[in-house]
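Taking it in order: structure first as structure tokens, then the write-up.
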Amino acid sequence: MSTTQSSMVSPLQGENIQRPGMFIYDQYDQHLVDERVAQFRDQTRRFLAGELSEEVFLALRLMNGLYIQRHAPMLRIAVPYGLLSSDQMRILAHIARTYDRGYGHFTTRQNIQFNWLKLEQVPDVLADLAAVQMHAIQTSGNCIRNTTTDPLAGVAADELEDPRPYCEIIRQWSTLHPEFAYLPRKFKIAVSGASRDRAVTLVHDIGLRLVKNEAGEIGFKVSVGGGLGRTPMVAQTIRPFLEKRHLLSYLEAILRVYNLKGRRDNKYKARIKILVGSMGAKAFSELVEREWTRIKDNLVLEQTEIDRIKAFFGPLDYDPRAAQDDSLEQHLADDPAFGRWFNHNTTAHKVDGYRVVYISLKSPNIAPGDITAEQMETVAALADEYSFGLLRSTHDQNLVLTDVKQGDLFALWQALDQVDLATPSIGTINDMICCP
């Protein structure tokens with residue numbers, strides 16, 4: 001499998017961006033993103049000069065994640081499988097402060113949106129994003145959107161295998177895939193590697209669960225046709241076990257069937273869930289199997305490529321002494337407010353002495369999912385200090401620091417509380433999502 005289609009080194013890269021635990025662009029990917037910025041800059045200039053019609057510009061801007069809404073353009077920025085570096089968060093803070101009204105909004109697809117941009121400045125925003133290996137490609141339009149996963153991927157004790165490498169492989173395969181640029185409707189894929197489906201795969205167009213067969217091999221259970229919205233449906237399993245080597249060819253077969261058979265006359269009935277519901281899962285799977293048999297030998301995901309991508313998400317340098325710090329119990333006993341936050345906003349980590357920390361974006365003082373530039377900068381600094389410079393966004397519009405020593409939890413809580421990011425709401429009725 002070739003990965004030059006979309007893997008992405010930054011003109012701003014210093015040592016900070018070359019951190020373990022996340023995928024790093026190569027020169028081909030960076031060139032692709034930089035080229036896209038230049039193209040859209042020229043397209044925007046021509047539109048503002050009256051050289052491109054609204055209709056022509058519509059398709060071009062949607063390819064770059066830009067919506068023209070009633071009051072201002074909205075730009076949706078891709079956060080692949082919800083993983084961000086502290087450098088990237090600082091750029092998002094810069095964008096919020098420089099081009100928007102001082103805040104951004106995290107979405108249920110683990111992306112971030114800016115809702116008050118000026119159209120003529122959007123190319124500058126995209127250039128700033130490209131400098132830290134980010135973009136807005138395929139965050140809108142009838143294409144394959146951001147692949148999402150478990151926010152605890154890689155650190156959950158109930159995990160069979162880390163799903164993030166497969167999310168990255170799917171991202172590379174799907175980015176600017178010419179055959180799937182104009183699907184009947186937007187298309188969403190989620191991947192989970194744990195016994196608990198925190199990625200909510202069964203409400204996605206395609207849900208992939210890493211499972212083990214009777215021979216002890218790990219592969220994918222493939223479900224199709226889930227979704228929420230005005231017609232909520234639970235996805236149906238069409239293949240109980242798929243070998244890893246066939247992942248991309250099977251996805252391609254599903255999308256080809258959908259592209260051919262999906263409705264285009266009514267956008268409310270164009271999602272794959274409507275197609276699977278009307279045909280029946282058995283009939284749909286038969287078409288997929290027929291197409292897959294025809295193409296599967298032409299698109300094989302080799303183990304060497306899986307291993308190459310896995311290396312980016314290799315183990316972090318955990319401190320073996322972390323479990324020896326017993327200060328946590330004393331802080332829990334002394335401070336009830338800290339105890340409430342600990343009980344609601346932290347969860348177990350697979351490494352002894354570490355906890356996963358949820359950063360709540362559900363303060364009563366701000367709309368759910370919103371975060372200010374100042375808060376973004378604080379979170380970036382805290383990620384550097386306490387969690388290897390990495391953070392994640394979740395499908396319920398919160399943030400996560402996945403690798404915090406238990407002895408650092410009290411200091412981290414105090415810092416979050418000072419910037420209104422320590423509401424003890426995770427998993428409660430107050431942890432409500434909101435789409436603007």
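How things are named: the first chain in the structure tokens is A, the next is B, and so on; residues count from 1 in each chain; ligands count from 1 in the order shown.
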Problem set entry | helix (DSSP H, G or I) positions in region 300-397 of chain A, given as a count of residues only | 45
Quick one: which region 121-155 of chain A residues come within 9 Å of region 195-212 of chain A, and what is the nearest atom pair for each with the distance in Å to one decimal, counting only C-alpha atoms, rows ordered by chain and ascending number, as JSON lines?
{"residue": "A:Thr148", "atom": "CA", "partner": "A:Ala199", "partner_atom": "CA", "distance": 7.0}
{"residue": "A:Thr149", "atom": "CA", "partner": "A:Ala199", "partner_atom": "CA", "distance": 4.9}
{"residue": "A:Asp150", "atom": "CA", "partner": "A:Ala199", "partner_atom": "CA", "distance": 4.5}
{"residue": "A:Pro151", "atom": "CA", "partner": "A:Arg198", "partner_atom": "CA", "distance": 7.4}
{"residue": "A:Leu152", "atom": "CA", "partner": "A:Arg198", "partner_atom": "CA", "distance": 8.1}
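If you measure from each of A:Val132, A:Ala157, A:Leu390, A:Val79 to Ala194 (chain A) using only C-alpha atoms, the closest one turns out to be A:Ala157.
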Problem set entry | DSSP-assigned strand (DSSP E) among region 7-120 of chain A, expressed as JSON, numbers by chain | {"A": [66, 67, 68, 73, 74, 75, 76, 77, 83, 84, 85, 103, 104, 105, 106, 112, 113, 114]}
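For the residues A:Glu385, A:Asp297, A:Asp420, A:Glu168, ranking by smallest atom-to-atom distance to Phe312 (chain A) using only C-alpha atoms places A:Glu168 first.
In terms of minimum interatomic distance to Leu421 (chain A), A:Ser363 ranks closest within A:Gln27, A:Ser363, A:Ser393, A:Asn343, counting only C-alpha atoms.
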Problem set entry | Non-local contacts of Pro315 (chain A) (8 Å; only C-alpha atoms; under 2 positions in same chain excluded) as a PyMOL selection string | chain A and resi 21+313+317
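Ranking A:His135, A:Arg36, A:Arg245, A:Arg145 by their shortest atom-to-atom distance to Ile91 (chain A), with only C-alpha atoms included, puts A:His135 first.
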Problem set entry | Among listed residues A:Phe342, A:Val276, A:Val224, A:Arg109, nearest Glu329 (chain A) (using only C-alpha atoms) | A:Phe342
Got a sec: who's within 9 Å of Arg61 (chain A), counting only C-alpha atoms, leaving out chain neighbours fewer than 3 positions off, as a PDB file with C-alpha atoms, in the first residue's frame?
ATOM      1  CA  PHE A  40      -7.934  27.769  -2.171  1.00  0.00           C
ATOM      2  CA  GLN A  43     -10.103  30.331  -5.618  1.00  0.00           C
ATOM      3  CA  THR A  44     -11.132  32.727  -2.836  1.00  0.00           C
ATOM      4  CA  PHE A  57     -17.375  28.418  -5.286  1.00  0.00           C
ATOM      5  CA  LEU A  58     -19.800  26.332  -3.225  1.00  0.00           C
ATOM      6  CA  ASN A  64     -11.994  22.873   2.277  1.00  0.00           C
ATOM      7  CA  GLY A  65     -14.400  22.619   5.203  1.00  0.00           C
ATOM      8  CA  LEU A  66     -15.948  26.068   4.733  1.00  0.00           C
ATOM      9  CA  TYR A  67     -19.656  26.794   5.195  1.00  0.00           C
ATOM     10  CA  ILE A  68     -21.206  30.178   4.451  1.00  0.00           C
ATOM     11  CA  SER A 140     -17.652  18.904   4.823  1.00  0.00           C
TER      12      SER A 140
END
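Considering the residues A:Gln418, A:Ser223, A:Thr304, A:Gln236 and counting only C-alpha atoms, Ser192 (chain A) has its shortest atom-to-atom contact with A:Ser223.
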Spatial neighbours of Glu217 (chain A), 12 Å, only C-alpha atoms, chain gap at least 2 places, as a compact mmCIF listing (two decimals) with C-alpha atoms, in the first residue's frame:
# COMPACT_ATOMS: atom_id res chain seq x y z
CA LEU A 160 -7.65 -5.86 22.45
CA GLU A 161 -5.48 -3.67 20.24
CA LEU A 210 -11.29 -5.28 16.49
CA VAL A 211 -12.14 -8.86 17.46
CA LYS A 212 -10.40 -12.22 17.81
CA ASN A 213 -11.53 -15.30 15.86
CA GLU A 214 -11.46 -18.93 16.99
CA ALA A 215 -7.90 -19.30 15.69
CA GLY A 219 -9.35 -8.83 12.65
CA PHE A 220 -12.45 -6.65 12.23
CA PHE A 241 -14.57 -11.36 10.88
CA LEU A 242 -12.43 -9.60 8.29
CA GLU A 243 -8.69 -10.16 8.05
CA LYS A 244 -6.63 -7.02 8.52
CA ARG A 245 -5.03 -7.41 5.12
For this session: Find the spatial neighbours of Ile426 (chain A), counting only C-alpha atoms, within a cut-off of 8 Å - ignore same-chain residues fewer than 3 positions away - and output them as a PyMOL selection string.
Result: chain A and resi 344-345+358+360+430-431
Store the residues picked out above in a file with N, CA and C atoms, as a PDB file, in the first residue's frame.
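Wrote it out as again.pdb, contents follow:
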ATOM      1  N   HIS A 344     -15.484  11.825  38.928  1.00  0.00           N
ATOM      2  CA  HIS A 344     -16.207  12.036  37.677  1.00  0.00           C
ATOM      3  C   HIS A 344     -15.287  12.175  36.464  1.00  0.00           C
ATOM      4  N   ASN A 345     -14.157  12.837  36.629  1.00  0.00           N
ATOM      5  CA  ASN A 345     -13.363  13.282  35.478  1.00  0.00           C
ATOM      6  C   ASN A 345     -12.056  12.540  35.288  1.00  0.00           C
ATOM      7  N   TYR A 358     -10.274  13.582  32.034  1.00  0.00           N
ATOM      8  CA  TYR A 358     -11.193  14.288  31.136  1.00  0.00           C
ATOM      9  C   TYR A 358     -11.228  15.764  31.518  1.00  0.00           C
ATOM     10  N   SER A 360     -13.435  18.848  31.151  1.00  0.00           N
ATOM     11  CA  SER A 360     -14.822  19.146  30.821  1.00  0.00           C
ATOM     12  C   SER A 360     -14.960  20.479  30.095  1.00  0.00           C
ATOM     13  N   ASN A 430     -25.418  16.492  33.065  1.00  0.00           N
ATOM     14  CA  ASN A 430     -24.890  17.800  32.668  1.00  0.00           C
ATOM     15  C   ASN A 430     -23.859  17.717  31.555  1.00  0.00           C
ATOM     16  N   ASP A 431     -23.444  16.512  31.209  1.00  0.00           N
ATOM     17  CA  ASP A 431     -22.434  16.320  30.148  1.00  0.00           C
ATOM     18  C   ASP A 431     -23.145  16.210  28.796  1.00  0.00           C
TER      19      ASP A 431
END
For this session: Find the residues near Leu255 (chain A): any atom within 10 Å, counting only C-alpha atoms, skip ones fewer than 5 places away on the same chain, and give them as an MDAnalysis selection string.
Result: chainID A and resid 144 179:180 183 187 205:206 249:250 260:262 272 288
